[in-house]
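Structure record follows, encoded as structure tokens.
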Amino acid sequence: MDKIYNVLFLCSQNSARSIMAESLLNYWGKGRFKAYSAGSSPAGTVNPYAERLLQSLNMPVSTLRSKSWDEFAAEASPVMDFIFVVGDTLTADTLPSWPGQPMIAHWEVDDPVSATANGDDLAQVNAFRQAFRQLEHRVKIFAALRLDALTQMAMQARLSEIGFETV
């Protein structure tokens with residue numbers, strides 16, 4: 001049986017970008033990956049625009065919830081193989097130490113919540129769609145990688161490169 005890779009997506013509030021990325025990888029990963037998401041200061045709820053967008057696209061939403069990254073640093077939590085930082089406020093020195101020494105890459109995506117804080121409903125919907133498209137593009141590239149064929153150094157370089165991919 002092939003290995004199932006554990007992947008954690010991080011942003012500060014874990015209400016939109018990391019939530020969408022979790023859903024996307026669980027969908028496009030086709031059983032090769034188990035995706036999770038968390039935040040340094042979780043909002044406590046999934047952003048309604050993110051949830052509605054995912055539901056409208058028939059993406060998995062039933063297990064999504066805003067949670068602290070502390071849940072994944074605990075001893076009984078799954079050991080992560082990869083961690084992707086999709087927020088713009090988290091840096092390498094602000095991240096906790098993770099069990100298992102996962103590969104970490106930054107896939108910064110503009111925050112659709114703050115980008116449209118004073119916008120109308122259509123502006124907010126469009127900002128979430130743009131963030132979703134960018135995340136989906138990157139997740140599809142990642143999910144298609146032949147991880148077993150890459151050296152650790154080549155994999156780290158490719159994961160970082162994906163963070164600069166745009167649609």
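By convention in this document, the chains of the structure tokens carry letters A, B, ... by their order, each chain's residues are numbered from 1, and ligands are numbered from 1 in the order they are shown.
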
Looking only at strand (DSSP E or B) from DSSP on the backbone, list the matching residues of region 1-166 of chain A as a PyMOL selection string.
chain A and resi 5-10+33-39+68+82-85+103-106

List every residue of region 51-154 of chain A that has an atom at most 7 Å from any atom of region 40-46 of chain A, and for each one report the closest atom pair and its distance in Å to one decimal, counting only C-alpha atoms, with rows sorted by chain and then by increasing residue number, as a Markdown table.
| residue | atom | partner | partner_atom | distance |
| --- | --- | --- | --- | --- |
| A:Glu51 | CA | A:Val46 | CA | 6.6 |
| A:Arg65 | CA | A:Val46 | CA | 5.9 |
| A:Ser66 | CA | A:Gly44 | CA | 4.9 |
| A:Lys67 | CA | A:Pro42 | CA | 5.5 |
| A:Ser68 | CA | A:Pro42 | CA | 5.6 |
| A:Trp69 | CA | A:Ser40 | CA | 5.9 |

Where does DSSP see helix (DSSP H, G or I) in region 1-166 of chain A, if you list the residues as a VMD selection string?
chain A and resid 17 to 28 48 to 56 69 to 72 92 to 94 112 to 115 121 to 144 147 to 149 152 to 162

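Counting only C-alpha atoms, the residue from A:Asp110, A:Val7, A:Tyr49, A:Gly39 that sits nearest to Pro96 (chain A) is A:Gly39.
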
Taking only C-alpha atoms into account, which of A:Pro48, A:Pro102, A:Gly163, A:Pro112 comes nearest Ile141 (chain A)?
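When distances to Ile141 (chain A) are compared using only C-alpha atoms, the smallest one comes from A:Gly163.
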
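Minimum atom-to-atom distances from A:Arg158, A:Lys140, A:Gln124, A:Trp98 to Glu75 (chain A) were compared using only C-alpha atoms, and the lowest value belongs to A:Trp98.
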
Polymer residues at most 8 Å from Phe9 (chain A), only C-alpha atoms, same-chain spacing of 4 or more positions, as a PyMOL selection string
chain A and resi 18-19+21-22+35-38+83-86

Between CA of Glu161 (chain A) and CA of Met80 (chain A), what is the distance, to one decimal in Å?
20.1 Å

Within 12 Å of Arg52 (chain A), counting only C-alpha atoms, which residues show up once you throw out same-chain ones fewer than 2 positions away? Write them as a ChimeraX atom specification, please.
/A:16,20,46-50,54-61,124-125,128-129,132

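CA of Tyr27 (chain A) lies 21.9 Å from CA of Asn126 (chain A).
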
Would you list the contacts of Met155 (chain A) as a PyMOL selection string, taking every protein, DNA or RNA residue within 12 Å and counting only C-alpha atoms, but skipping same-chain residues closer than 6 positions in sequence?
chain A and resi 81-82+102-105+142+145-149+161-162

How would the residues just chosen look if you wrote them out with N, CA and C atoms as a short mmCIF file (atom, residue, chain, number, x, y, z; two decimals), in the first residue's frame?
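Listed below is the output, again.cif:
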data_model
loop_
_atom_site.label_atom_id
_atom_site.label_comp_id
_atom_site.auth_asym_id
_atom_site.auth_seq_id
_atom_site.Cartn_x
_atom_site.Cartn_y
_atom_site.Cartn_z
N ASP A 81 3.81 15.38 7.21
CA ASP A 81 4.89 15.24 6.24
C ASP A 81 5.21 16.58 5.58
N PHE A 82 4.17 17.39 5.41
CA PHE A 82 4.30 18.69 4.76
C PHE A 82 3.47 19.72 5.51
N PRO A 102 8.59 17.95 9.41
CA PRO A 102 7.96 18.02 8.08
C PRO A 102 8.64 19.06 7.19
N MET A 103 8.46 18.91 5.90
CA MET A 103 8.91 19.93 4.96
C MET A 103 7.95 21.10 5.04
N ILE A 104 8.49 22.30 5.09
CA ILE A 104 7.66 23.50 5.22
C ILE A 104 7.92 24.41 4.02
N ALA A 105 6.83 24.92 3.45
CA ALA A 105 6.95 25.87 2.34
C ALA A 105 5.90 26.95 2.52
N PHE A 142 0.89 20.26 -6.64
CA PHE A 142 1.45 19.46 -5.55
C PHE A 142 0.93 18.02 -5.60
N LEU A 145 2.64 15.70 -8.08
CA LEU A 145 4.06 15.38 -7.94
C LEU A 145 4.27 13.90 -7.63
N ARG A 146 5.31 13.35 -8.20
CA ARG A 146 5.74 11.99 -7.84
C ARG A 146 6.72 12.13 -6.69
N LEU A 147 6.18 12.18 -5.49
CA LEU A 147 6.99 12.45 -4.31
C LEU A 147 8.09 11.42 -4.10
N ASP A 148 7.82 10.17 -4.47
CA ASP A 148 8.80 9.11 -4.29
C ASP A 148 9.98 9.24 -5.26
N ALA A 149 9.83 10.05 -6.29
CA ALA A 149 10.89 10.18 -7.30
C ALA A 149 11.77 11.40 -7.07
N GLU A 161 8.88 26.53 -5.08
CA GLU A 161 8.52 27.08 -6.40
C GLU A 161 7.01 27.14 -6.58
N ILE A 162 6.30 26.13 -6.11
CA ILE A 162 4.85 26.09 -6.25
C ILE A 162 4.22 27.32 -5.58
#

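In this model, the gap between CA of Ala127 (chain A) and CA of Asp88 (chain A) comes to 15.7 Å.
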
From the set A:Ser23, A:Ser114, A:Thr89, A:Gln101, which residue has the shortest atom-to-atom contact distance to Glu136 (chain A), counting only C-alpha atoms?
A:Ser23
